[in-house]
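Text of target09.csv (CSV, C-alpha atoms) as supplied:
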chain,number,residue,atom,x,y,z
V,1,MET,CA,28.9,16.7,12.1
V,2,ALA,CA,27.8,18.9,15.0
V,3,ASP,CA,29.0,16.4,17.6
V,4,THR,CA,32.5,16.4,16.2
V,5,GLU,CA,32.7,20.2,15.7
V,6,SER,CA,35.8,21.6,17.2
V,7,GLY,CA,35.1,24.2,19.8
V,8,LYS,CA,31.7,25.5,19.0
V,9,ALA,CA,29.4,26.0,22.0
V,10,ALA,CA,25.8,26.7,21.9
V,11,PRO,CA,25.1,30.3,20.8
V,12,GLY,CA,25.8,32.7,23.7
V,13,ASP,CA,27.5,30.2,26.0
V,14,SER,CA,31.0,31.8,25.5
V,15,LEU,CA,29.6,35.3,25.9
V,16,VAL,CA,28.0,34.4,29.2
V,17,THR,CA,31.2,32.8,30.4
V,18,VAL,CA,33.2,35.9,29.5
V,19,ILE,CA,30.7,38.2,31.2
V,20,VAL,CA,30.8,36.1,34.4
V,21,ALA,CA,34.6,36.4,34.3
V,22,LEU,CA,34.4,40.2,33.7
V,23,VAL,CA,32.2,40.8,36.7
V,24,VAL,CA,34.3,38.6,39.0
V,25,ASN,CA,37.6,40.0,37.9
V,26,ALA,CA,36.4,43.6,38.4
V,27,LEU,CA,35.3,42.9,41.9
V,28,ILE,CA,38.5,41.0,42.7
V,29,ALA,CA,40.7,43.8,41.2
V,30,LEU,CA,39.1,46.4,43.4
V,31,ALA,CA,39.5,44.3,46.5
V,32,LYS,CA,43.1,43.4,45.8
V,33,SER,CA,44.0,47.1,45.0
V,34,VAL,CA,42.6,48.2,48.4
V,35,ALA,CA,44.5,45.3,50.1
V,36,ALA,CA,47.7,46.2,48.3
V,37,ALA,CA,47.5,49.8,49.4
V,38,LEU,CA,46.8,48.8,53.1
V,39,THR,CA,49.4,46.0,53.4
V,40,GLY,CA,52.2,47.1,51.1
V,41,SER,CA,52.6,43.5,50.0
V,42,ALA,CA,54.5,43.0,46.7
V,43,SER,CA,52.6,39.8,46.0
V,44,MET,CA,49.3,41.6,46.5
V,45,VAL,CA,50.4,44.4,44.1
V,46,ALA,CA,51.2,41.7,41.6
V,47,GLU,CA,47.8,40.1,42.1
V,48,ALA,CA,46.0,43.5,41.8
V,49,ALA,CA,47.8,44.1,38.5
V,50,HIS,CA,46.9,40.5,37.4
V,51,SER,CA,43.2,41.1,38.1
V,52,TRP,CA,43.1,44.5,36.4
V,53,ALA,CA,44.8,42.9,33.4
V,54,ASP,CA,42.2,40.1,33.4
V,55,THR,CA,39.3,42.7,33.7
V,56,GLY,CA,40.6,44.6,30.7
V,57,ASN,CA,41.0,41.3,28.8
V,58,GLU,CA,37.5,40.3,29.5
V,59,VAL,CA,36.2,43.6,27.9
V,60,LEU,CA,38.3,42.7,24.8
V,61,LEU,CA,36.9,39.2,24.8
V,62,VAL,CA,33.3,40.5,25.0
V,63,ILE,CA,34.1,42.7,21.9
V,64,ALA,CA,35.6,39.6,20.2
V,65,GLU,CA,32.4,37.6,20.9
V,66,ARG,CA,30.1,40.2,19.6
V,67,ARG,CA,32.1,41.3,16.5
V,68,SER,CA,32.8,37.7,15.4
V,69,ARG,CA,29.1,36.8,15.3
V,70,ARG,CA,28.3,39.5,12.7
V,71,PRO,CA,26.8,37.9,9.5
V,72,SER,CA,28.7,37.8,6.2
V,73,ASP,CA,28.2,40.6,3.7
V,74,ALA,CA,29.3,41.6,0.2
V,75,ARG,CA,32.7,42.9,1.5
V,76,HIS,CA,33.3,40.0,3.8
V,77,PRO,CA,31.8,36.9,2.2
V,78,LEU,CA,33.4,34.6,4.7
V,79,GLY,CA,32.0,36.6,7.7
V,80,TYR,CA,33.7,38.2,10.6
V,81,GLY,CA,34.7,35.1,12.5
V,82,LYS,CA,38.4,35.9,12.6
V,83,ASP,CA,37.7,39.1,14.5
V,84,ALA,CA,37.5,36.8,17.5
V,85,TYR,CA,41.1,35.8,17.1
V,86,ILE,CA,42.2,39.4,16.6
V,87,TRP,CA,40.6,40.8,19.7
V,88,SER,CA,41.6,37.7,21.7
V,89,MET,CA,45.2,38.4,20.5
V,90,PHE,CA,44.9,42.0,21.9
V,91,ALA,CA,43.7,40.5,25.2
V,92,ALA,CA,46.7,38.1,25.4
V,93,PHE,CA,49.1,41.0,24.7
V,94,GLY,CA,47.4,42.9,27.5
V,95,LEU,CA,47.9,40.0,29.9
V,96,PHE,CA,51.6,39.9,28.9
V,97,THR,CA,52.3,43.7,29.1
V,98,VAL,CA,50.1,44.7,32.0
V,99,GLY,CA,49.9,41.6,34.1
V,100,ALA,CA,53.2,39.9,33.6
V,101,ALA,CA,55.5,42.9,33.1
V,102,VAL,CA,54.1,44.9,36.0
V,103,SER,CA,54.2,42.0,38.4
V,104,ILE,CA,57.8,41.1,37.5
V,105,GLN,CA,59.0,44.7,37.5
V,106,HIS,CA,57.4,45.3,40.9
V,107,GLY,CA,58.9,42.1,42.3
V,108,ILE,CA,62.4,43.2,41.2
V,109,SER,CA,61.9,46.6,42.7
V,110,GLU,CA,60.9,45.0,46.0
V,111,LEU,CA,64.1,42.9,46.0
V,112,ILE,CA,66.2,46.0,45.4
V,113,ASP,CA,64.3,48.4,47.7
V,114,PRO,CA,61.9,46.4,49.9
V,115,GLU,CA,59.0,48.2,51.7
V,116,PRO,CA,57.6,47.1,55.0
V,117,ALA,CA,54.4,45.1,54.9
V,118,SER,CA,51.6,44.9,57.5
V,119,ASP,CA,48.0,44.0,58.1
V,120,TYR,CA,48.5,40.4,56.9
V,121,GLY,CA,45.0,39.5,57.9
V,122,ILE,CA,43.6,41.8,55.3
V,123,ALA,CA,45.7,40.2,52.6
V,124,TYR,CA,44.6,36.7,53.6
V,125,ALA,CA,41.0,37.7,53.7
V,126,VAL,CA,41.2,39.3,50.2
V,127,LEU,CA,43.0,36.3,48.8
V,128,GLY,CA,40.4,33.9,50.3
V,129,LEU,CA,37.6,36.0,48.8
V,130,ALA,CA,39.4,36.2,45.5
V,131,PHE,CA,39.9,32.4,45.4
V,132,VAL,CA,36.2,31.8,45.9
V,133,LEU,CA,35.1,34.3,43.2
V,134,GLU,CA,37.8,33.1,40.8
V,135,GLY,CA,36.6,29.5,41.5
V,136,ILE,CA,33.1,30.5,40.5
V,137,SER,CA,34.3,31.9,37.2
V,138,PHE,CA,36.6,28.9,36.6
V,139,ILE,CA,33.8,26.4,37.3
V,140,ARG,CA,31.6,28.2,34.7
V,141,ALA,CA,34.4,28.0,32.1
V,142,TYR,CA,35.2,24.4,33.0
V,143,ARG,CA,31.6,23.2,32.7
V,144,GLN,CA,31.3,24.7,29.2
V,145,ALA,CA,34.6,23.2,28.2
V,146,ARG,CA,33.7,19.8,29.6
V,147,SER,CA,30.3,19.9,27.9
V,148,ASP,CA,31.9,20.7,24.5
V,149,ALA,CA,34.6,18.1,25.0
V,150,GLN,CA,32.1,15.4,25.8
V,151,ARG,CA,30.3,16.1,22.5
V,152,ARG,CA,33.6,15.8,20.7
V,153,ARG,CA,34.6,12.7,22.8
V,154,VAL,CA,37.9,14.1,23.8
V,155,GLY,CA,39.5,15.2,27.1
V,156,THR,CA,38.6,18.6,28.5
V,157,LEU,CA,42.2,20.0,28.5
V,158,HIS,CA,42.7,18.7,25.0
V,159,HIS,CA,39.6,20.4,23.8
V,160,VAL,CA,40.5,23.7,25.5
V,161,SER,CA,44.0,23.7,23.8
V,162,GLN,CA,42.6,22.8,20.4
V,163,SER,CA,39.3,24.6,20.4
V,164,SER,CA,38.5,27.1,17.7
V,165,ASP,CA,36.7,29.2,20.4
V,166,PRO,CA,39.4,31.7,21.6
V,167,THR,CA,37.2,33.3,24.3
V,168,LEU,CA,36.6,30.0,26.1
V,169,ARG,CA,40.3,29.2,25.9
V,170,ALA,CA,41.3,32.6,27.3
V,171,VAL,CA,38.8,32.6,30.2
V,172,PHE,CA,39.7,29.0,31.1
V,173,ALA,CA,43.5,29.7,31.0
V,174,GLU,CA,43.2,33.1,32.8
V,175,ASP,CA,41.0,31.7,35.6
V,176,ALA,CA,43.3,28.7,36.1
V,177,ALA,CA,46.3,31.0,36.2
V,178,ALA,CA,44.5,33.3,38.6
V,179,LEU,CA,43.8,30.4,41.0
V,180,ILE,CA,47.5,29.3,40.9
V,181,GLY,CA,48.6,32.9,41.2
V,182,LEU,CA,46.5,33.3,44.4
V,183,LEU,CA,48.2,30.3,45.9
V,184,ILE,CA,51.6,31.7,45.0
V,185,ALA,CA,50.7,35.0,46.5
V,186,PHE,CA,49.5,33.3,49.7
V,187,VAL,CA,52.8,31.4,50.1
V,188,GLY,CA,54.8,34.5,49.5
V,189,ILE,CA,52.9,36.6,52.0
V,190,LEU,CA,52.9,33.8,54.6
V,191,LEU,CA,56.7,33.3,54.3
V,192,HIS,CA,57.2,37.1,54.5
V,193,GLN,CA,55.1,37.1,57.7
V,194,VAL,CA,56.8,34.1,59.3
V,195,THR,CA,60.4,35.0,58.4
V,196,GLY,CA,60.2,38.7,58.3
V,197,SER,CA,62.0,38.7,55.0
V,198,PRO,CA,60.4,40.6,52.1
V,199,VAL,CA,62.4,38.5,49.7
V,200,PHE,CA,59.7,35.7,49.6
V,201,ASP,CA,57.0,38.3,48.9
V,202,ALA,CA,59.0,39.8,46.1
V,203,ILE,CA,59.7,36.3,44.6
V,204,GLY,CA,56.0,35.6,44.8
V,205,SER,CA,55.3,38.7,42.7
V,206,ILE,CA,57.9,37.7,40.1
V,207,ALA,CA,56.5,34.1,40.0
V,208,VAL,CA,53.0,35.4,39.4
V,209,GLY,CA,54.4,37.6,36.5
V,210,VAL,CA,56.2,34.6,35.0
V,211,LEU,CA,53.1,32.5,35.2
V,212,LEU,CA,51.1,35.2,33.4
V,213,GLY,CA,53.8,35.6,30.8
V,214,VAL,CA,53.7,31.9,30.0
V,215,VAL,CA,49.9,31.9,29.7
V,216,ALA,CA,49.9,35.0,27.5
V,217,VAL,CA,52.5,33.4,25.2
V,218,LEU,CA,50.5,30.2,24.8
V,219,LEU,CA,47.3,32.2,24.1
V,220,ILE,CA,49.1,34.4,21.6
V,221,GLY,CA,50.4,31.3,19.8
V,222,ARG,CA,47.0,29.7,19.5
V,223,ASN,CA,45.4,32.9,18.2
V,224,ARG,CA,48.2,33.3,15.7
V,225,ALA,CA,47.7,29.8,14.4
V,226,PHE,CA,44.0,30.4,13.7
V,227,LEU,CA,44.7,33.8,12.1
V,228,ILE,CA,47.2,32.2,9.7
V,229,GLY,CA,44.7,29.5,9.0
V,230,GLU,CA,44.3,26.2,10.9
V,231,ALA,CA,42.7,23.1,9.4
V,232,VAL,CA,40.1,21.1,11.2
V,233,PRO,CA,41.1,18.1,13.3
V,234,SER,CA,41.6,14.8,11.4
V,235,ASN,CA,38.5,13.2,12.8
V,236,VAL,CA,36.3,16.1,11.6
V,237,ARG,CA,37.9,15.9,8.2
V,238,SER,CA,37.3,12.1,8.1
V,239,ASP,CA,33.6,12.6,9.1
V,240,MET,CA,33.1,15.1,6.3
V,241,ILE,CA,34.6,12.7,3.7
V,242,GLY,CA,32.1,10.1,5.0
V,243,GLU,CA,29.2,12.6,4.7
V,244,LEU,CA,30.2,13.6,1.2
V,245,LEU,CA,30.4,9.9,0.1
V,246,ALA,CA,27.0,9.2,1.7
V,247,LEU,CA,25.4,11.8,-0.6
V,248,PRO,CA,23.5,9.8,-3.4
V,249,SER,CA,25.0,11.9,-6.2
V,250,VAL,CA,28.6,11.7,-5.1
V,251,ASP,CA,30.7,8.8,-6.3
V,252,ARG,CA,34.2,9.9,-5.3
V,253,VAL,CA,36.0,12.6,-3.3
V,254,SER,CA,39.5,13.4,-4.6
V,255,PHE,CA,40.2,16.6,-2.6
V,256,LEU,CA,39.0,18.2,0.6
V,257,HIS,CA,40.2,21.3,2.4
V,258,MET,CA,38.5,22.5,5.6
V,259,GLU,CA,39.9,25.6,7.4
V,260,PHE,CA,38.6,27.5,10.4
V,261,ILE,CA,37.5,31.0,9.6
V,262,GLY,CA,36.0,31.7,13.0
V,263,PRO,CA,34.9,30.0,16.2
V,264,GLY,CA,33.2,26.8,15.1
V,265,ARG,CA,33.0,28.0,11.5
V,266,VAL,CA,34.8,26.5,8.5
V,267,LEU,CA,35.4,27.1,4.8
V,268,LEU,CA,35.0,23.8,2.9
V,269,ILE,CA,36.5,23.3,-0.6
V,270,ALA,CA,36.2,19.9,-2.2
V,271,ALA,CA,36.6,18.1,-5.6
V,272,VAL,CA,34.0,15.3,-6.2
V,273,ASP,CA,33.1,12.9,-8.9
V,274,LEU,CA,29.3,12.8,-9.5
V,275,VAL,CA,27.4,9.6,-10.2
V,276,GLY,CA,26.6,8.9,-13.8
V,277,ASP,CA,27.3,11.0,-17.0
V,278,ARG,CA,25.9,14.5,-16.8
V,279,SER,CA,26.0,17.5,-19.1
V,280,GLU,CA,28.0,20.5,-18.0
V,281,ALA,CA,24.9,22.4,-17.0
V,282,ASP,CA,23.4,19.5,-15.0
V,283,ALA,CA,26.7,19.0,-13.2
V,284,ALA,CA,26.9,22.7,-12.3
V,285,ARG,CA,23.3,22.6,-10.9
V,286,GLU,CA,24.0,19.5,-8.9
V,287,LEU,CA,27.2,21.0,-7.5
V,288,ARG,CA,25.3,24.1,-6.4
V,289,ALA,CA,22.6,22.0,-4.8
V,290,LEU,CA,25.2,20.0,-2.9
V,291,GLU,CA,26.9,23.2,-1.7
V,292,ALA,CA,23.5,24.3,-0.3
V,293,VAL,CA,23.2,21.0,1.5
V,294,LEU,CA,26.6,21.3,3.1
V,295,GLU,CA,26.1,24.9,4.1
V,296,GLY,CA,23.0,23.8,6.0
V,297,ASP,CA,25.5,22.3,8.5
V,298,ALA,CA,25.9,24.8,11.4
V,299,MET,CA,29.7,24.4,11.1
V,300,VAL,CA,30.0,25.2,7.3
V,301,GLU,CA,30.1,29.0,6.6
V,302,LEU,CA,30.8,28.5,2.9
V,303,ALA,CA,31.1,25.4,0.7
V,304,SER,CA,32.7,25.3,-2.8
V,305,LEU,CA,32.6,22.2,-4.9
V,306,THR,CA,34.3,21.4,-8.2
V,307,LEU,CA,34.4,18.3,-10.4
V,308,ALA,CA,37.3,15.9,-9.7
V,309,ALA,CA,39.8,15.2,-12.4
V,310,PRO,CA,39.5,11.7,-14.0
V,311,GLY,CA,41.8,9.1,-12.5
V,312,GLY,CA,42.7,11.1,-9.4
V,313,PRO,CA,42.9,9.9,-5.8
V,314,ALA,CA,39.9,8.6,-3.9
V,315,LEU,CA,39.7,9.8,-0.3
V,316,GLN,CA,38.1,7.6,2.3
V,317,PRO,CA,37.1,8.2,5.9
V,318,HIS,CA,39.4,6.9,8.5
V,319,ARG,CA,38.3,3.7,10.1
V,320,PRO,CA,39.3,3.4,13.8
V,321,GLY,CA,41.3,0.3,14.7
Once you've parsed the file, please lay out its structure as structure tokens.
Amino acid sequence: MADTESGKAAPGDSLVTVIVALVVNALIALAKSVAAALTGSASMVAEAAHSWADTGNEVLLVIAERRSRRPSDARHPLGYGKDAYIWSMFAAFGLFTVGAAVSIQHGISELIDPEPASDYGIAYAVLGLAFVLEGISFIRAYRQARSDAQRRRVGTLHHVSQSSDPTLRAVFAEDAAALIGLLIAFVGILLHQVTGSPVFDAIGSIAVGVLLGVVAVLLIGRNRAFLIGEAVPSNVRSDMIGELLALPSVDRVSFLHMEFIGPGRVLLIAAVDLVGDRSEADAARELRALEAVLEGDAMVELASLTLAAPGGPALQPHRPG
């Protein structure tokens, strides 16, 4: 079932992706802040706020990665996987409040009381450098997402949106938004320089803020879905039904529930009918043995099997076509 697993990269892949993004965003934030102070550009101020927000978010995502990988214990038998969604939610709120709100507020202030801008060359140089660095971080996130998507046999964007890995989704979305935001800032500064009107620069700042707000809302929504409890995709569920029925001692599967409890980790609950007539003790031992087999799958954090009621439904794997 590893090939159909939704969103689980090789151990450490997402952490490396986040650390690359953290270093890149910290360097970019410093450069943009200096450029904003020297040029007085509203769009550059928005971009600096954007990068500082991203830098803080990456710190939270590193925490999310490390805390969610802690092993289960007596107080947390299902592990700490959902910590990834909690800390990723904090990061998304940070992107909304720091990045989006500051950018929009500064843009509105510039419309009401514009400040003169200068040293456009510095702004363009910093935007170009930022585009290259953000591109490096985005390529890293894209390659991981594409590799995971190919294993699942789905599109890259579909995988990113549906993945159970919130850190990969956050870095991918933030880097993509950063590249778009840099283009918006470039157009705003260029129009300001060409026309002499600060309105375009201020509108660029507001547009960057709106972009960040949309990304933040989408990330908040996905993390909320996994915190509430999101079932695995239908193809993963179908594959598991097939695997259960392929076990020599399983005759029928009447119920199956698979819910994400962390990045690439699920809780599996199923009701099965065992082959042959068994005593209660033999059936209990066989069910425990089957649970151990299922928990050997890298995706299954905890499996719980019960006996199916007589005459109940018989689930079958979906047959394409």
All residues 9 Å or closer to range 35-48 of chain V, all atoms listed in the file, same chain fewer than 5 positions away omitted, as number ranges by chain: V: 28-30, 53, 99-100, 102-104, 106-107, 110, 114-120, 122-123, 126-127, 178, 181-182, 184-186, 188-189, 198, 200-206, 208-209
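Between CA of Ala145 in chain V and CA of Thr167 in chain V the interatomic distance comes to 11.1 Å.
Distance-wise, CA of Met258 in chain V and CA of Ala284 in chain V end up 21.3 Å apart.
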Spatial sel., origin (31.4, 26.5, 28.6), limit 8 Å, all atoms listed in the file, listed as an MDAnalysis selection string: chainID V and resid 9 13:14 17 140:148 168
Dump of C-alpha atoms for the selected residues, as a short mmCIF file (atom, residue, chain, number, x, y, z; two decimals), keeping the file's coordinate frame:
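selection_1.cif, freshly written:
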data_model
loop_
_atom_site.label_atom_id
_atom_site.label_comp_id
_atom_site.auth_asym_id
_atom_site.auth_seq_id
_atom_site.Cartn_x
_atom_site.Cartn_y
_atom_site.Cartn_z
CA ALA V 9 29.40 26.00 22.00
CA ASP V 13 27.50 30.20 26.00
CA SER V 14 31.00 31.80 25.50
CA THR V 17 31.20 32.80 30.40
CA ARG V 140 31.60 28.20 34.70
CA ALA V 141 34.40 28.00 32.10
CA TYR V 142 35.20 24.40 33.00
CA ARG V 143 31.60 23.20 32.70
CA GLN V 144 31.30 24.70 29.20
CA ALA V 145 34.60 23.20 28.20
CA ARG V 146 33.70 19.80 29.60
CA SER V 147 30.30 19.90 27.90
CA ASP V 148 31.90 20.70 24.50
CA LEU V 168 36.60 30.00 26.10
#
For range 263-265 of chain V: contacts at 12 Å, only C-alpha atoms, fewer than 5 positions along chain excluded, given as a count of residues only: 56
CA of Ile139 in chain V to CA of Phe96 in chain V, straight-line distance in Å: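 Result for CA of Phe96 in chain V versus CA of Ile139 in chain V: 23.9 Å, one decimal.
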Using only C-alpha atoms: which of V:Ile19, V:Ile180, V:Leu27, V:Ala216 has the shortest distance to Ala91 in chain V: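 Smallest separation from Ala91 in chain V among the options: V:Ala216.
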Counting only C-alpha atoms, the residue of V:Ile241, V:Ile269, V:Ala21, V:Leu133 that sits nearest Ala173 in chain V: V:Ala21
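Across V:Asp113, V:Leu307, V:Ile108, V:Val171, the tightest approach to Glu286 in chain V is made by V:Leu307 when counting all atoms listed in the file.
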V:Gly213, V:Ser33, V:Val20, V:Gly121 ranked by distance to Gly135 in chain V, top pick (using only C-alpha atoms): V:Val20
Of the listed residues V:His76, V:His192, V:Arg224, V:His158, that which approaches Phe93 in chain V most closely, counting all atoms listed in the file: V:Arg224
Point (44.5, 39.6, 27.8), cut-off 9 Å, counting all atoms listed in the file, residues as a list in words: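 I get Ala53, Asp54, Thr55, Gly56, Asn57, Glu58, Leu60, Leu61, Ser88, Met89, Phe90, Ala91, Ala92, Phe93, Gly94, Leu95, Phe96, Thr97, Val98, Gly99, Ala170, Glu174, Ala216 and Leu219 of chain V for the residues within 9 Å of that point.
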Requested write-out: C-alpha atoms of the selected residues, as a short mmCIF file (atom, residue, chain, number, x, y, z; two decimals), in the frame of the given file:
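As written to disk, result.cif reads:
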data_model
loop_
_atom_site.label_atom_id
_atom_site.label_comp_id
_atom_site.auth_asym_id
_atom_site.auth_seq_id
_atom_site.Cartn_x
_atom_site.Cartn_y
_atom_site.Cartn_z
CA ALA V 53 44.80 42.90 33.40
CA ASP V 54 42.20 40.10 33.40
CA THR V 55 39.30 42.70 33.70
CA GLY V 56 40.60 44.60 30.70
CA ASN V 57 41.00 41.30 28.80
CA GLU V 58 37.50 40.30 29.50
CA LEU V 60 38.30 42.70 24.80
CA LEU V 61 36.90 39.20 24.80
CA SER V 88 41.60 37.70 21.70
CA MET V 89 45.20 38.40 20.50
CA PHE V 90 44.90 42.00 21.90
CA ALA V 91 43.70 40.50 25.20
CA ALA V 92 46.70 38.10 25.40
CA PHE V 93 49.10 41.00 24.70
CA GLY V 94 47.40 42.90 27.50
CA LEU V 95 47.90 40.00 29.90
CA PHE V 96 51.60 39.90 28.90
CA THR V 97 52.30 43.70 29.10
CA VAL V 98 50.10 44.70 32.00
CA GLY V 99 49.90 41.60 34.10
CA ALA V 170 41.30 32.60 27.30
CA GLU V 174 43.20 33.10 32.80
CA ALA V 216 49.90 35.00 27.50
CA LEU V 219 47.30 32.20 24.10
#
For Val275 in chain V: contacts at 7 Å, all atoms listed in the file, fewer than 6 positions along chain excluded, given as a ChimeraX atom specification: /V:249-251
V:Trp52, V:Phe255, V:Phe131, V:Phe260 ranked by distance to Ala308 in chain V, top pick (using all atoms listed in the file):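 Of all the options, V:Phe255 lies closest to Ala308 in chain V.
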Could you rebuild range 226-245 of chain V with N, CA, C and O atoms and give me the result as a PDB file, in the coordinates of the input?
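Heads up, here's the output in selection-v3.pdb:
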ATOM      1  N   PHE V 226      45.296  30.311  14.357  1.00  0.00           N
ATOM      2  CA  PHE V 226      44.000  30.400  13.700  1.00  0.00           C
ATOM      3  C   PHE V 226      43.928  31.596  12.746  1.00  0.00           C
ATOM      4  O   PHE V 226      43.205  31.536  11.742  1.00  0.00           O
ATOM      5  N   LEU V 227      44.663  32.663  13.026  1.00  0.00           N
ATOM      6  CA  LEU V 227      44.700  33.800  12.100  1.00  0.00           C
ATOM      7  C   LEU V 227      45.422  33.407  10.808  1.00  0.00           C
ATOM      8  O   LEU V 227      45.033  33.818   9.712  1.00  0.00           O
ATOM      9  N   ILE V 228      46.494  32.644  10.942  1.00  0.00           N
ATOM     10  CA  ILE V 228      47.200  32.200   9.700  1.00  0.00           C
ATOM     11  C   ILE V 228      46.327  31.230   8.948  1.00  0.00           C
ATOM     12  O   ILE V 228      46.318  31.255   7.718  1.00  0.00           O
ATOM     13  N   GLY V 229      45.567  30.404   9.640  1.00  0.00           N
ATOM     14  CA  GLY V 229      44.700  29.500   9.000  1.00  0.00           C
ATOM     15  C   GLY V 229      44.961  28.051   9.495  1.00  0.00           C
ATOM     16  O   GLY V 229      45.987  27.461   9.149  1.00  0.00           O
ATOM     17  N   GLU V 230      44.073  27.525  10.335  1.00  0.00           N
ATOM     18  CA  GLU V 230      44.300  26.200  10.900  1.00  0.00           C
ATOM     19  C   GLU V 230      43.206  25.246  10.364  1.00  0.00           C
ATOM     20  O   GLU V 230      42.012  25.569  10.340  1.00  0.00           O
ATOM     21  N   ALA V 231      43.662  24.085   9.928  1.00  0.00           N
ATOM     22  CA  ALA V 231      42.700  23.100   9.400  1.00  0.00           C
ATOM     23  C   ALA V 231      41.979  22.426  10.551  1.00  0.00           C
ATOM     24  O   ALA V 231      42.395  22.470  11.714  1.00  0.00           O
ATOM     25  N   VAL V 232      40.857  21.818  10.229  1.00  0.00           N
ATOM     26  CA  VAL V 232      40.100  21.100  11.200  1.00  0.00           C
ATOM     27  C   VAL V 232      40.801  19.869  11.694  1.00  0.00           C
ATOM     28  O   VAL V 232      41.684  19.361  10.985  1.00  0.00           O
ATOM     29  N   PRO V 233      40.477  19.320  12.864  1.00  0.00           N
ATOM     30  CA  PRO V 233      41.100  18.100  13.300  1.00  0.00           C
ATOM     31  C   PRO V 233      40.825  16.933  12.317  1.00  0.00           C
ATOM     32  O   PRO V 233      39.843  16.954  11.562  1.00  0.00           O
ATOM     33  N   SER V 234      41.691  15.935  12.343  1.00  0.00           N
ATOM     34  CA  SER V 234      41.600  14.800  11.400  1.00  0.00           C
ATOM     35  C   SER V 234      40.285  14.069  11.487  1.00  0.00           C
ATOM     36  O   SER V 234      39.759  13.598  10.465  1.00  0.00           O
ATOM     37  N   ASN V 235      39.728  13.959  12.714  1.00  0.00           N
ATOM     38  CA  ASN V 235      38.500  13.200  12.800  1.00  0.00           C
ATOM     39  C   ASN V 235      37.314  13.974  12.203  1.00  0.00           C
ATOM     40  O   ASN V 235      36.392  13.373  11.640  1.00  0.00           O
ATOM     41  N   VAL V 236      37.355  15.307  12.275  1.00  0.00           N
ATOM     42  CA  VAL V 236      36.300  16.100  11.600  1.00  0.00           C
ATOM     43  C   VAL V 236      36.420  15.998  10.119  1.00  0.00           C
ATOM     44  O   VAL V 236      35.418  15.862   9.407  1.00  0.00           O
ATOM     45  N   ARG V 237      37.646  16.047   9.619  1.00  0.00           N
ATOM     46  CA  ARG V 237      37.900  15.900   8.200  1.00  0.00           C
ATOM     47  C   ARG V 237      37.380  14.525   7.708  1.00  0.00           C
ATOM     48  O   ARG V 237      36.714  14.412   6.666  1.00  0.00           O
ATOM     49  N   SER V 238      37.702  13.487   8.483  1.00  0.00           N
ATOM     50  CA  SER V 238      37.300  12.100   8.100  1.00  0.00           C
ATOM     51  C   SER V 238      35.750  12.028   8.092  1.00  0.00           C
ATOM     52  O   SER V 238      35.173  11.414   7.181  1.00  0.00           O
ATOM     53  N   ASP V 239      35.105  12.624   9.092  1.00  0.00           N
ATOM     54  CA  ASP V 239      33.600  12.600   9.100  1.00  0.00           C
ATOM     55  C   ASP V 239      33.030  13.279   7.918  1.00  0.00           C
ATOM     56  O   ASP V 239      32.033  12.813   7.357  1.00  0.00           O
ATOM     57  N   MET V 240      33.626  14.379   7.493  1.00  0.00           N
ATOM     58  CA  MET V 240      33.100  15.100   6.300  1.00  0.00           C
ATOM     59  C   MET V 240      33.273  14.281   5.055  1.00  0.00           C
ATOM     60  O   MET V 240      32.394  14.271   4.181  1.00  0.00           O
ATOM     61  N   ILE V 241      34.405  13.596   4.917  1.00  0.00           N
ATOM     62  CA  ILE V 241      34.600  12.700   3.700  1.00  0.00           C
ATOM     63  C   ILE V 241      33.482  11.673   3.728  1.00  0.00           C
ATOM     64  O   ILE V 241      32.878  11.390   2.678  1.00  0.00           O
ATOM     65  N   GLY V 242      33.193  11.105   4.885  1.00  0.00           N
ATOM     66  CA  GLY V 242      32.100  10.100   5.000  1.00  0.00           C
ATOM     67  C   GLY V 242      30.772  10.704   4.599  1.00  0.00           C
ATOM     68  O   GLY V 242      29.967  10.055   3.908  1.00  0.00           O
ATOM     69  N   GLU V 243      30.498  11.920   5.053  1.00  0.00           N
ATOM     70  CA  GLU V 243      29.200  12.600   4.700  1.00  0.00           C
ATOM     71  C   GLU V 243      29.106  12.854   3.242  1.00  0.00           C
ATOM     72  O   GLU V 243      28.026  12.696   2.645  1.00  0.00           O
ATOM     73  N   LEU V 244      30.198  13.284   2.624  1.00  0.00           N
ATOM     74  CA  LEU V 244      30.200  13.600   1.200  1.00  0.00           C
ATOM     75  C   LEU V 244      29.909  12.264   0.406  1.00  0.00           C
ATOM     76  O   LEU V 244      29.091  12.238  -0.529  1.00  0.00           O
ATOM     77  N   LEU V 245      30.602  11.200   0.790  1.00  0.00           N
ATOM     78  CA  LEU V 245      30.400   9.900   0.100  1.00  0.00           C
ATOM     79  C   LEU V 245      29.035   9.347   0.306  1.00  0.00           C
ATOM     80  O   LEU V 245      28.555   8.538  -0.501  1.00  0.00           O
TER      81      LEU V 245
END
